[in-house]
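Structure file upload.txt with compact mmCIF, C-alpha atoms:
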```
# COMPACT_ATOMS: atom_id res chain seq x y z
CA MET T 1 -2.27 -33.99 1.48
CA ASN T 2 1.09 -32.84 2.68
CA ILE T 3 1.10 -29.54 4.53
CA LYS T 4 4.87 -29.36 4.85
CA LYS T 5 5.39 -29.92 1.16
CA GLN T 6 2.74 -27.35 0.25
CA LEU T 7 4.25 -24.79 2.60
CA LYS T 8 7.69 -25.34 1.09
CA GLU T 9 6.21 -24.98 -2.39
CA GLY T 10 4.39 -21.76 -1.48
CA LEU T 11 7.39 -20.23 0.22
CA ILE T 12 10.26 -21.44 -1.94
CA THR T 13 10.05 -23.90 -4.80
CA GLN T 14 6.72 -22.64 -6.19
CA ASN T 15 6.77 -19.15 -4.69
CA PRO T 16 3.99 -17.25 -6.50
CA VAL T 17 5.99 -14.09 -7.15
CA LEU T 18 9.58 -15.24 -7.44
CA VAL T 19 9.13 -18.58 -9.24
CA GLN T 20 5.69 -18.58 -10.85
CA LEU T 21 6.13 -14.85 -11.63
CA LEU T 22 2.48 -14.13 -10.80
CA GLY T 23 1.11 -11.02 -9.14
CA MET T 24 4.17 -8.94 -9.92
CA CYS T 25 2.18 -5.80 -10.73
CA SER T 26 0.72 -5.48 -7.26
CA ALA T 27 3.99 -6.59 -5.66
CA MET T 28 5.81 -3.70 -7.29
CA ALA T 29 3.09 -1.13 -6.90
CA ILE T 30 2.31 -1.38 -3.21
CA SER T 31 5.64 -2.45 -1.71
CA THR T 32 6.64 1.07 -0.68
CA SER T 33 5.90 0.69 3.04
CA ILE T 34 5.60 -2.25 5.39
CA SER T 35 2.06 -1.46 6.54
CA ASN T 36 0.93 -1.45 2.89
CA GLY T 37 2.69 -4.76 2.22
CA LEU T 38 1.17 -6.42 5.26
CA GLY T 39 -2.34 -5.15 4.44
CA MET T 40 -2.08 -6.32 0.84
CA GLY T 41 -0.49 -9.66 1.75
CA VAL T 42 -3.16 -10.49 4.31
CA SER T 43 -5.97 -9.39 1.96
CA VAL T 44 -4.64 -11.55 -0.87
CA THR T 45 -4.16 -14.51 1.49
CA ILE T 46 -7.74 -14.28 2.75
CA ILE T 47 -9.23 -13.91 -0.72
CA LEU T 48 -7.02 -16.67 -2.13
CA THR T 49 -7.93 -19.11 0.64
CA LEU T 50 -11.67 -18.41 0.52
CA SER T 51 -11.91 -18.59 -3.25
CA ASN T 52 -9.77 -21.75 -3.31
CA ILE T 53 -12.16 -23.39 -0.81
CA ILE T 54 -15.27 -22.39 -2.75
CA ILE T 55 -13.82 -23.42 -6.09
CA ALA T 56 -12.67 -26.78 -4.71
CA LEU T 57 -16.16 -27.27 -3.27
CA LEU T 58 -17.79 -26.51 -6.60
CA ARG T 59 -15.22 -28.26 -8.78
CA LYS T 60 -17.57 -31.14 -9.65
CA ILE T 61 -20.55 -28.85 -10.26
CA ILE T 62 -18.95 -26.17 -12.42
CA PRO T 63 -19.12 -27.14 -16.10
CA ASN T 64 -15.70 -27.17 -17.71
CA GLU T 65 -16.82 -24.82 -20.49
CA VAL T 66 -17.61 -21.88 -18.20
CA ARG T 67 -15.16 -22.55 -15.41
CA ILE T 68 -13.12 -19.36 -15.86
CA ALA T 69 -16.27 -17.23 -15.74
CA CYS T 70 -17.40 -19.01 -12.57
CA TYR T 71 -13.99 -18.56 -10.94
CA ILE T 72 -13.96 -14.85 -11.74
CA VAL T 73 -17.44 -14.35 -10.26
CA VAL T 74 -16.41 -16.12 -7.04
CA ILE T 75 -13.11 -14.21 -6.82
CA ALA T 76 -14.71 -10.85 -7.59
CA GLY T 77 -17.30 -11.51 -4.89
CA PHE T 78 -14.66 -12.14 -2.23
CA VAL T 79 -12.56 -9.18 -3.37
CA THR T 80 -15.54 -6.85 -3.06
CA ILE T 81 -16.36 -8.21 0.39
CA VAL T 82 -12.78 -7.68 1.60
CA ASP T 83 -12.73 -4.22 -0.01
CA LEU T 84 -15.94 -3.17 1.78
CA MET T 85 -14.73 -4.63 5.08
CA LEU T 86 -11.42 -2.79 4.83
CA GLN T 87 -13.15 0.49 4.03
CA ALA T 88 -15.50 0.08 6.97
CA PHE T 89 -13.14 -1.25 9.62
CA LEU T 90 -9.59 -0.34 8.53
CA PRO T 91 -10.08 2.91 6.60
CA ASP T 92 -6.40 3.91 6.80
CA ILE T 93 -5.20 0.74 5.12
CA ALA T 94 -8.01 0.96 2.56
CA ALA T 95 -6.92 4.52 1.74
CA SER T 96 -3.26 3.66 1.28
CA LEU T 97 -3.92 0.53 -0.79
CA GLY T 98 -6.51 2.36 -2.87
CA VAL T 99 -7.23 0.84 -6.24
CA PHE T 100 -5.02 -2.19 -5.67
CA ILE T 101 -7.62 -3.95 -3.54
CA PRO T 102 -10.27 -4.04 -6.31
CA LEU T 103 -7.47 -5.01 -8.71
CA ILE T 104 -6.92 -8.24 -6.76
CA VAL T 105 -9.76 -9.58 -8.94
CA VAL T 106 -7.36 -9.74 -11.85
CA ASN T 107 -4.36 -10.77 -9.75
CA CYS T 108 -3.00 -13.79 -11.60
CA ILE T 109 -2.08 -15.61 -8.39
CA ILE T 110 -5.69 -16.16 -7.47
CA LEU T 111 -7.01 -17.22 -10.86
CA GLY T 112 -3.80 -19.19 -11.41
CA ARG T 113 -4.19 -21.18 -8.21
CA ALA T 114 -7.91 -21.68 -8.84
CA GLU T 115 -7.19 -23.15 -12.26
CA ALA T 116 -4.00 -25.03 -11.45
CA PHE T 117 -4.76 -26.35 -7.98
CA ALA T 118 -8.18 -25.78 -6.43
CA SER T 119 -10.12 -27.14 -9.40
CA LYS T 120 -8.26 -30.46 -9.18
CA ASN T 121 -7.91 -31.05 -5.44
CA THR T 122 -9.92 -31.57 -2.28
CA VAL T 123 -11.29 -28.68 -0.24
CA ALA T 124 -8.78 -29.15 2.59
CA ALA T 125 -5.81 -29.29 0.24
CA ALA T 126 -7.07 -26.20 -1.59
CA ALA T 127 -7.44 -24.29 1.67
CA VAL T 128 -3.88 -25.18 2.69
CA ASP T 129 -2.68 -24.22 -0.76
CA GLY T 130 -4.37 -20.83 -0.47
CA ILE T 131 -2.77 -20.14 2.89
CA CYS T 132 0.68 -21.33 1.79
CA GLN T 133 0.68 -19.42 -1.48
CA GLY T 134 -0.66 -16.37 0.35
CA ILE T 135 2.16 -16.58 2.88
CA GLY T 136 4.67 -16.92 0.05
CA TYR T 137 3.26 -13.77 -1.57
CA THR T 138 3.20 -11.88 1.74
CA VAL T 139 6.79 -12.81 2.60
CA VAL T 140 8.05 -11.53 -0.75
CA LEU T 141 6.03 -8.33 -0.31
CA LEU T 142 7.46 -7.80 3.16
CA ILE T 143 11.04 -8.31 1.96
CA MET T 144 10.48 -5.80 -0.84
CA CYS T 145 8.74 -3.36 1.51
CA THR T 146 11.57 -3.55 4.05
CA VAL T 147 14.26 -2.92 1.46
CA ARG T 148 12.37 -0.15 -0.30
CA GLU T 149 11.10 1.63 2.81
CA LEU T 150 14.49 1.47 4.53
CA LEU T 151 16.50 2.70 1.54
CA GLY T 152 13.88 4.99 0.06
CA ASN T 153 12.55 6.67 3.20
CA GLY T 154 14.99 5.67 5.95
CA THR T 155 12.09 4.34 8.02
CA LEU T 156 10.53 1.02 9.01
CA MET T 157 6.81 0.88 9.89
CA GLY T 158 6.99 4.67 9.82
CA TYR T 159 9.73 4.89 12.48
CA GLN T 160 13.02 6.55 11.61
CA ILE T 161 15.72 3.85 11.49
CA MET T 162 18.53 5.29 9.40
CA PRO T 163 20.63 8.06 11.01
CA GLU T 164 19.56 11.63 10.27
CA SER T 165 22.59 12.08 8.02
CA TYR T 166 21.30 9.39 5.63
CA THR T 167 19.79 10.90 2.50
CA PRO T 168 16.88 8.69 1.44
CA ALA T 169 17.32 7.20 -2.02
CA LEU T 170 13.93 8.32 -3.33
CA MET T 171 14.50 6.16 -6.39
CA MET T 172 13.75 3.07 -4.29
CA VAL T 173 10.13 4.04 -3.58
CA LEU T 174 9.58 5.00 -7.21
CA PRO T 175 8.60 2.32 -9.75
CA VAL T 176 12.23 1.94 -10.86
CA GLY T 177 13.17 0.82 -7.34
CA GLY T 178 10.39 -1.77 -7.47
CA PHE T 179 11.72 -3.23 -10.71
CA ILE T 180 15.30 -3.35 -9.43
CA CYS T 181 14.28 -4.84 -6.09
CA LEU T 182 12.06 -7.51 -7.65
CA GLY T 183 14.67 -8.32 -10.29
CA VAL T 184 17.37 -8.85 -7.68
CA LEU T 185 15.04 -11.01 -5.56
CA ILE T 186 14.10 -13.20 -8.53
CA ALA T 187 17.77 -13.55 -9.48
CA VAL T 188 18.73 -14.58 -5.93
CA MET T 189 15.85 -17.04 -5.81
CA GLN T 190 16.77 -18.63 -9.14
CA TRP T 191 20.40 -18.86 -8.09
CA ALA T 192 19.47 -20.49 -4.79
CA LEU T 193 17.08 -22.94 -6.44
CA ASN T 194 19.45 -23.97 -9.19
CA ARG T 195 22.61 -24.26 -7.11
CA PRO T 196 22.17 -27.76 -5.63
CA LYS T 197 21.16 -29.15 -8.99
CA LYS T 198 24.37 -28.01 -10.62
CA GLU T 199 26.46 -29.50 -7.84
CA LYS T 200 24.79 -32.86 -8.38
CA GLU T 201 25.34 -32.65 -12.10
CA GLY T 202 29.00 -31.84 -11.46
CA LYS T 203 29.40 -35.06 -9.58
CA MET B 204 -20.79 -29.12 -32.83
CA ASN B 205 -24.01 -30.40 -31.42
CA ILE B 206 -25.25 -28.34 -28.49
CA SER B 207 -28.16 -29.86 -26.64
CA GLY B 208 -30.67 -27.90 -24.62
CA LYS B 209 -29.74 -29.80 -21.49
CA PHE B 210 -26.11 -28.79 -21.84
CA LEU B 211 -27.02 -25.12 -22.31
CA LEU B 212 -29.27 -25.25 -19.27
CA ARG B 213 -26.52 -26.78 -17.16
CA VAL B 214 -23.91 -24.19 -18.21
CA ALA B 215 -26.17 -21.17 -17.95
CA GLY B 216 -27.89 -22.45 -14.83
CA THR B 217 -24.67 -23.04 -12.88
CA LEU B 218 -23.26 -19.66 -13.80
CA THR B 219 -26.52 -17.93 -12.92
CA CYS B 220 -26.75 -19.72 -9.59
CA ILE B 221 -23.19 -18.78 -8.66
CA ALA B 222 -23.70 -15.17 -9.72
CA LEU B 223 -26.96 -14.91 -7.74
CA THR B 224 -25.38 -16.41 -4.61
CA VAL B 225 -22.43 -14.03 -4.80
CA ALA B 226 -24.79 -11.09 -5.39
CA ALA B 227 -26.86 -12.02 -2.34
CA LEU B 228 -23.72 -12.31 -0.24
CA LEU B 229 -22.49 -8.92 -1.42
CA GLY B 230 -25.84 -7.38 -0.62
CA ALA B 231 -25.60 -8.70 2.93
CA VAL B 232 -22.05 -7.39 3.40
CA ASN B 233 -22.98 -4.03 1.93
CA GLY B 234 -25.83 -3.83 4.40
CA ILE B 235 -23.36 -4.14 7.26
CA THR B 236 -20.68 -1.84 5.92
CA ALA B 237 -22.54 0.87 3.97
CA GLU B 238 -23.44 2.95 7.00
CA LYS B 239 -19.97 2.71 8.50
CA ILE B 240 -18.29 3.72 5.24
CA ALA B 241 -20.65 6.67 4.79
CA ALA B 242 -19.99 7.79 8.37
CA ILE B 243 -16.22 7.55 7.87
CA ASN B 244 -16.38 9.57 4.65
CA GLU B 245 -18.58 12.18 6.27
CA ALA B 246 -16.25 12.48 9.25
CA LYS B 247 -13.27 12.84 6.93
CA THR B 248 -14.95 15.60 4.93
CA ALA B 249 -16.17 17.36 8.08
CA GLU B 250 -12.66 17.28 9.53
CA ALA B 251 -11.17 18.61 6.32
CA MET B 252 -13.80 21.38 6.13
CA SER B 253 -13.15 22.56 9.66
CA LYS B 254 -9.41 22.61 8.88
CA VAL B 255 -9.74 25.03 5.97
CA VAL B 256 -11.49 27.74 7.98
CA PRO B 257 -9.28 29.89 10.23
CA VAL B 258 -11.88 30.37 12.98
CA GLU B 259 -13.44 27.64 15.09
CA GLY B 260 -17.08 26.89 15.73
CA VAL B 261 -18.35 27.79 12.28
CA GLU B 262 -21.43 26.39 10.61
CA PHE B 263 -21.51 24.86 7.16
CA LYS B 264 -24.51 25.03 4.89
CA GLU B 265 -24.47 23.06 1.67
CA ILE B 266 -25.58 25.02 -1.37
CA ASP B 267 -26.58 23.90 -4.85
CA VAL B 268 -23.63 24.12 -7.17
CA ALA B 269 -24.33 26.73 -9.85
CA ASP B 270 -23.81 25.81 -13.49
CA ALA B 271 -21.51 28.83 -13.84
CA SER B 272 -19.25 27.41 -11.13
CA VAL B 273 -19.06 24.00 -12.74
CA GLU B 274 -18.25 25.60 -16.08
CA ALA B 275 -15.56 27.86 -14.63
CA ALA B 276 -13.90 24.99 -12.78
CA VAL B 277 -14.15 22.26 -15.38
CA VAL B 278 -10.67 22.89 -16.84
CA TYR B 279 -9.11 22.17 -13.43
CA GLY B 280 -11.04 19.08 -12.38
CA THR B 281 -14.35 18.05 -10.87
CA LEU B 282 -16.33 20.25 -8.53
CA VAL B 283 -17.94 17.96 -5.96
CA SER B 284 -19.81 20.23 -3.57
CA MET B 285 -19.88 23.74 -2.13
CA HIS B 286 -20.72 24.83 1.41
CA GLU B 287 -21.28 28.35 2.67
CA VAL B 288 -19.37 29.04 5.88
CA TYR B 289 -21.10 31.03 8.62
CA ASP B 290 -19.31 32.49 11.64
CA GLN B 291 -21.92 33.56 14.20
CA GLY B 292 -24.44 34.25 11.48
CA ASP B 293 -22.08 36.09 9.11
CA MET B 294 -21.14 34.48 5.83
CA ILE B 295 -17.33 34.46 5.78
CA GLY B 296 -16.72 32.36 2.71
CA TYR B 297 -17.07 28.97 1.07
CA ALA B 298 -15.70 25.47 1.60
CA VAL B 299 -15.33 23.86 -1.81
CA LYS B 300 -14.79 20.15 -2.25
CA PHE B 301 -12.80 19.54 -5.38
CA VAL B 302 -11.16 16.60 -7.18
CA ALA B 303 -8.10 17.24 -9.35
CA GLY B 304 -5.65 14.90 -11.05
CA GLY B 305 -2.36 14.25 -9.24
CA SER B 306 0.55 12.08 -10.29
CA GLN B 307 -0.84 8.65 -9.28
CA GLY B 308 -4.55 9.32 -9.25
CA ASN B 309 -7.09 11.85 -8.13
CA ILE B 310 -6.48 14.20 -5.24
CA GLU B 311 -9.66 14.99 -3.33
CA MET B 312 -9.44 18.18 -1.32
CA VAL B 313 -11.41 20.86 0.45
CA VAL B 314 -10.49 24.47 -0.24
CA GLY B 315 -11.66 27.32 1.97
CA VAL B 316 -12.26 30.51 0.00
CA ASP B 317 -13.15 33.79 1.72
CA THR B 318 -15.63 36.33 0.36
CA THR B 319 -12.85 38.33 -1.37
CA GLY B 320 -11.83 35.27 -3.38
CA ALA B 321 -8.65 34.43 -1.45
CA VAL B 322 -7.68 31.02 -0.09
CA MET B 323 -8.44 30.55 3.63
CA GLY B 324 -7.01 27.04 3.84
CA VAL B 325 -6.44 23.82 1.91
CA SER B 326 -6.84 20.29 3.19
CA VAL B 327 -6.44 17.03 1.29
CA VAL B 328 -9.15 14.47 2.05
CA ASP B 329 -8.02 11.57 -0.08
CA HIS B 330 -5.20 10.87 -2.50
CA ALA B 331 -3.10 8.10 -4.01
CA GLU B 332 0.21 9.95 -4.37
CA THR B 333 3.55 8.18 -4.01
CA SER B 334 4.38 7.44 -0.40
CA GLY B 335 7.30 9.63 0.70
CA ILE B 336 7.14 11.93 -2.33
CA GLY B 337 3.66 13.11 -3.26
CA THR B 338 2.56 12.63 0.34
CA LYS B 339 4.87 15.53 1.30
CA VAL B 340 2.50 17.80 -0.58
CA CYS B 341 -0.76 16.20 0.50
CA ASN B 342 0.17 15.94 4.21
CA ASN B 343 1.54 19.49 4.25
CA GLU B 344 4.96 18.22 5.40
CA THR B 345 6.79 21.11 3.78
CA GLY B 346 4.09 23.66 4.55
CA MET B 347 3.03 24.03 0.93
CA LEU B 348 -0.67 23.90 1.78
CA ASP B 349 -0.15 26.68 4.35
CA ALA B 350 1.75 28.72 1.78
CA LEU B 351 -1.33 28.71 -0.45
CA GLU B 352 -3.31 30.64 2.16
CA GLY B 353 -4.08 34.17 1.08
CA MET B 354 -3.44 33.52 -2.60
CA SER B 355 -6.13 34.42 -5.10
CA MET B 356 -6.81 34.44 -8.80
CA ALA B 357 -6.95 38.24 -8.96
CA ASN B 358 -3.76 38.21 -11.07
CA GLY B 359 -4.63 35.13 -13.06
CA GLU B 360 -4.42 31.50 -12.06
CA ILE B 361 -1.90 30.26 -9.52
CA THR B 362 1.03 28.47 -11.12
CA VAL B 363 3.76 26.21 -9.73
CA ASN B 364 7.41 27.40 -9.68
CA LYS B 365 7.11 29.95 -12.52
CA GLY B 366 4.80 32.77 -13.52
CA THR B 367 3.71 35.99 -11.83
CA ASN B 368 1.21 34.45 -9.39
CA LYS B 369 3.36 31.49 -8.42
CA ILE B 370 3.88 29.16 -5.50
CA ASP B 371 6.99 27.03 -4.97
CA GLY B 372 6.20 23.36 -5.43
CA VAL B 373 7.75 20.57 -3.39
CA SER B 374 10.92 19.46 -5.15
CA GLY B 375 10.63 15.95 -6.53
CA ALA B 376 6.84 16.15 -6.31
CA THR B 377 6.06 18.69 -9.00
CA VAL B 378 3.12 16.78 -10.45
CA SER B 379 1.49 16.35 -7.02
CA SER B 380 2.13 20.05 -6.29
CA LYS B 381 0.51 20.97 -9.58
CA GLY B 382 -2.42 18.68 -8.80
CA VAL B 383 -3.12 20.46 -5.52
CA VAL B 384 -2.74 23.88 -7.16
CA LYS B 385 -5.12 22.80 -9.92
CA GLY B 386 -7.70 22.00 -7.25
CA VAL B 387 -7.16 25.36 -5.58
CA ASN B 388 -7.52 27.18 -8.90
CA GLY B 389 -10.69 25.22 -9.60
CA ALA B 390 -12.17 26.12 -6.21
CA LEU B 391 -11.28 29.80 -6.62
CA ALA B 392 -12.77 29.85 -10.12
CA ALA B 393 -15.93 28.19 -8.85
CA VAL B 394 -16.36 30.79 -6.12
CA MET B 395 -15.57 33.72 -8.40
CA ALA B 396 -18.21 32.53 -10.84
CA ILE B 397 -20.96 33.06 -8.28
CA ALA B 398 -19.49 35.92 -6.19
```
Step by step, read the file and then write its structure as structure tokens.
Amino acid sequence: MNIKKQLKEGLITQNPVLVQLLGMCSAMAISTSISNGLGMGVSVTIILTLSNIIIALLRKIIPNEVRIACYIVVIAGFVTIVDLMLQAFLPDIAASLGVFIPLIVVNCIILGRAEAFASKNTVAAAAVDGICQGIGYTVVLLIMCTVRELLGNGTLMGYQIMPESYTPALMMVLPVGGFICLGVLIAVMQWALNRPKKEKEGK
Amino acid sequence: MNISGKFLLRVAGTLTCIALTVAALLGAVNGITAEKIAAINEAKTAEAMSKVVPVEGVEFKEIDVADASVEAAVVYGTLVSMHEVYDQGDMIGYAVKFVAGGSQGNIEMVVGVDTTGAVMGVSVVDHAETSGIGTKVCNNETGMLDALEGMSMANGEITVNKGTNKIDGVSGATVSSKGVVKGVNGALAAVMAIA
């Protein structure tokens, strides 16, 4: 187990959104304000970590033939628990995230990590993987939220940042802004990841 | 392919065990949260209902929704509940809880309707409109909800931006504006059906 390596993978080389291209739907849909992004990122991280732990625990018990069904039941269970908890204790966040919390069930990051990592590794490694991948997802969300909230509304965390004379580019909080923002981020990430390789090849 | 009974038992048994465990866990969590969620929803609705009535200290009495009301309102959305509003014993109107379609999802609102069939107030309880655009309508940032006060369906349904009985929508948020107006129309129609 190598925490540093896993953290680097989650954040950069295997970033769930920018490299594995998983969970893009929710990343685009909810990244209109920072509080939304933080709520969603933390929820996904918690669900991902818990379901990774359970699936790693059960990896020897679950028959190969019905593994996907078992994973989905476990994931759906945790999603519903987080959904109920949010509604009961953080009703404002639950209201602004709305349907996207239940939709975490079908978020490819979680099933993807369950299948690709948790089902083949120890419980501790799976837990670290869940946290690292969750952080990677949250960081991307926060970057998108910052850009979109600042340009689209002129605010950060609800506070006015841009001068009064700035006309908010409403386009940025609309879906089109999400596509553009995510596209640019993926392009930057791919450029950054591929740059050193090319230099080596050049030599 | 040869499927043995033992194999079937193992597959079905594991899946059943996992499903049962998860179900039990969910039941436990629901037991903790159900009351809290119900209380939060009730508080939200109570707050919205008190907002749509111009006078303070009124009493609300829930009434059975008449079939005629449901029928009259069905083209605009879903009629959830109706309360009679009493001010010191006098019935001054109705608080109608209504769900209409907005641009990103349903808009749940409470509409106060006085006994003459005019809007006393509108308050949005829950919505999923776009942050920064549709929220301008739902949070009354431009005063559109206030502007609806006093409007009625006496000259036909309320329309957005054009028509004889019109209200100006919030620019850039026409669909959300129309969603709220749909709800108001539905509430007015529901009240007129029983008045």
Neighbours of chain T in chain B at 12 Å, counting all atoms listed in the file, as a PyMOL selection string
chain B and resi 210-244+246-247+306-311+328-339+374-376
Counting all atoms listed in the file, the option among T:Leu182, T:Ala94, T:Ala126, T:Val17 closest to Arg148 (chain T)
T:Leu182
Could you give me, as number ranges by chain, the residues within 12 Å of Ser26 (chain T), counting only C-alpha atoms and dropping anything in the same chain fewer than 3 positions from it?
T: 17, 21-23, 29-32, 36-37, 40-41, 44, 97-109, 137-138, 140-141, 144, 175, 178-179, 182
Work out how far CA of Ile295 (chain B) is from CA of Thr367 (chain B), in Å to one decimal.
27.5 Å
What's around Lys381 (chain B) at 12 Å? Count all atoms listed in the file, leave out sequence neighbours fewer than 6 positions away in its own chain, and write the answer as an MDAnalysis selection string.
chainID B and resid 279 303:306 309:310 337 340:341 347:348 360:365 369:375 387:389
Residues as selected, C-alpha atoms, written as a compact mmCIF listing (two decimals), in the coordinates of the input, can you do that?
```
# COMPACT_ATOMS: atom_id res chain seq x y z
CA TYR B 279 -9.11 22.17 -13.43
CA ALA B 303 -8.10 17.24 -9.35
CA GLY B 304 -5.65 14.90 -11.05
CA GLY B 305 -2.36 14.25 -9.24
CA SER B 306 0.55 12.08 -10.29
CA ASN B 309 -7.09 11.85 -8.13
CA ILE B 310 -6.48 14.20 -5.24
CA GLY B 337 3.66 13.11 -3.26
CA VAL B 340 2.50 17.80 -0.58
CA CYS B 341 -0.76 16.20 0.50
CA MET B 347 3.03 24.03 0.93
CA LEU B 348 -0.67 23.90 1.78
CA GLU B 360 -4.42 31.50 -12.06
CA ILE B 361 -1.90 30.26 -9.52
CA THR B 362 1.03 28.47 -11.12
CA VAL B 363 3.76 26.21 -9.73
CA ASN B 364 7.41 27.40 -9.68
CA LYS B 365 7.11 29.95 -12.52
CA LYS B 369 3.36 31.49 -8.42
CA ILE B 370 3.88 29.16 -5.50
CA ASP B 371 6.99 27.03 -4.97
CA GLY B 372 6.20 23.36 -5.43
CA VAL B 373 7.75 20.57 -3.39
CA SER B 374 10.92 19.46 -5.15
CA GLY B 375 10.63 15.95 -6.53
CA VAL B 387 -7.16 25.36 -5.58
CA ASN B 388 -7.52 27.18 -8.90
CA GLY B 389 -10.69 25.22 -9.60
```
Any idea what the distance is between CA of Ala396 (chain B) and CA of Ser272 (chain B)?
5.2 Å
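Checking B:Leu391, B:Ala350, B:Val268, B:Val258 one by one against Gln291 (chain B), counting all atoms listed in the file, you find the shortest gap at B:Val258.
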Atom pair CA of Gly130 (chain T) / CA of Gly177 (chain T): separation (Å)
28.7 Å
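Using all atoms listed in the file for every distance, the candidate list B:Ala392, B:Val283, B:Ala251, B:Ile266 yields B:Ala251 as the residue closest to Asn342 (chain B).
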Taking (13.3, -12.5, -8.3) in the file's coordinates, which residues come within 12 Å, counting all atoms listed in the file, written as a PyMOL selection string?
chain T and resi 12+15-22+24+27-28+140-141+143-144+178-193
Using all atoms listed in the file, can you tell me which of B:Asp349, B:Glu245, B:Glu250, B:Glu265 comes closest to Val288 (chain B)?
B:Glu265
Please write out, as AutoDock Vina command-line options, where the centre of an axis-aligned box around all listed atoms of region 210-218 of chain B lies and how long its edges are, in Å to one decimal, after adding 4 Å on each side.
```
--center_x -26.3 --center_y -24.2 --center_z -17.6 --size_x 14.0 --size_y 17.1 --size_z 17.4
```
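Residues lying within 9 Å of Leu48 (chain T), counting all atoms listed in the file and ignoring same-chain neighbours fewer than 5 positions away, are Ser43, Ile53, Ile75, Phe78, Ile109, Ile110, Leu111, Arg113, Ala114, Ala127, Asp129, Gly130, Ile131, Gln133 and Gly134 of chain T.
Distance check against Val256 (chain B) using all atoms listed in the file: of B:Gly280, B:Gly366, B:Gly346, B:Gly353, the minimum falls on B:Gly353.
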Fewer than 4 positions away in the same chain doesn't count, so skip those; otherwise give me all residues within 9 Å of Glu9 (chain T), counting all atoms listed in the file, as a ChimeraX atom specification.
/T:4-5,13-15,132-133,136
Generate the missing atoms of region 35-49 of chain T up to N, CA and C atoms and report them as a short mmCIF file (atom, residue, chain, number, x, y, z; two decimals), in the frame of the given file.
```cif
data_model
loop_
_atom_site.label_atom_id
_atom_site.label_comp_id
_atom_site.auth_asym_id
_atom_site.auth_seq_id
_atom_site.Cartn_x
_atom_site.Cartn_y
_atom_site.Cartn_z
N SER T 35 3.48 -1.33 6.20
CA SER T 35 2.06 -1.46 6.54
C SER T 35 1.24 -1.77 5.29
N ASN T 36 1.59 -1.14 4.16
CA ASN T 36 0.93 -1.45 2.89
C ASN T 36 1.11 -2.92 2.53
N GLY T 37 2.37 -3.39 2.62
CA GLY T 37 2.69 -4.76 2.22
C GLY T 37 1.92 -5.76 3.06
N LEU T 38 1.86 -5.50 4.35
CA LEU T 38 1.17 -6.42 5.26
C LEU T 38 -0.33 -6.43 4.93
N GLY T 39 -0.90 -5.25 4.75
CA GLY T 39 -2.34 -5.15 4.44
C GLY T 39 -2.66 -5.89 3.16
N MET T 40 -1.85 -5.68 2.13
CA MET T 40 -2.08 -6.32 0.84
C MET T 40 -1.87 -7.82 0.94
N GLY T 41 -0.79 -8.23 1.63
CA GLY T 41 -0.49 -9.66 1.75
C GLY T 41 -1.61 -10.39 2.45
N VAL T 42 -2.09 -9.84 3.56
CA VAL T 42 -3.16 -10.49 4.31
C VAL T 42 -4.45 -10.52 3.48
N SER T 43 -4.77 -9.40 2.80
CA SER T 43 -5.97 -9.39 1.96
C SER T 43 -5.91 -10.47 0.90
N VAL T 44 -4.76 -10.55 0.20
CA VAL T 44 -4.64 -11.55 -0.87
C VAL T 44 -4.75 -12.96 -0.28
N THR T 45 -4.11 -13.18 0.88
CA THR T 45 -4.16 -14.51 1.49
C THR T 45 -5.61 -14.90 1.81
N ILE T 46 -6.35 -13.98 2.40
CA ILE T 46 -7.74 -14.28 2.75
C ILE T 46 -8.56 -14.59 1.50
N ILE T 47 -8.44 -13.71 0.50
CA ILE T 47 -9.23 -13.91 -0.72
C ILE T 47 -8.84 -15.21 -1.41
N LEU T 48 -7.53 -15.46 -1.47
CA LEU T 48 -7.02 -16.67 -2.13
C LEU T 48 -7.54 -17.93 -1.43
N THR T 49 -7.49 -17.93 -0.11
CA THR T 49 -7.93 -19.11 0.64
C THR T 49 -9.43 -19.33 0.46
#
```
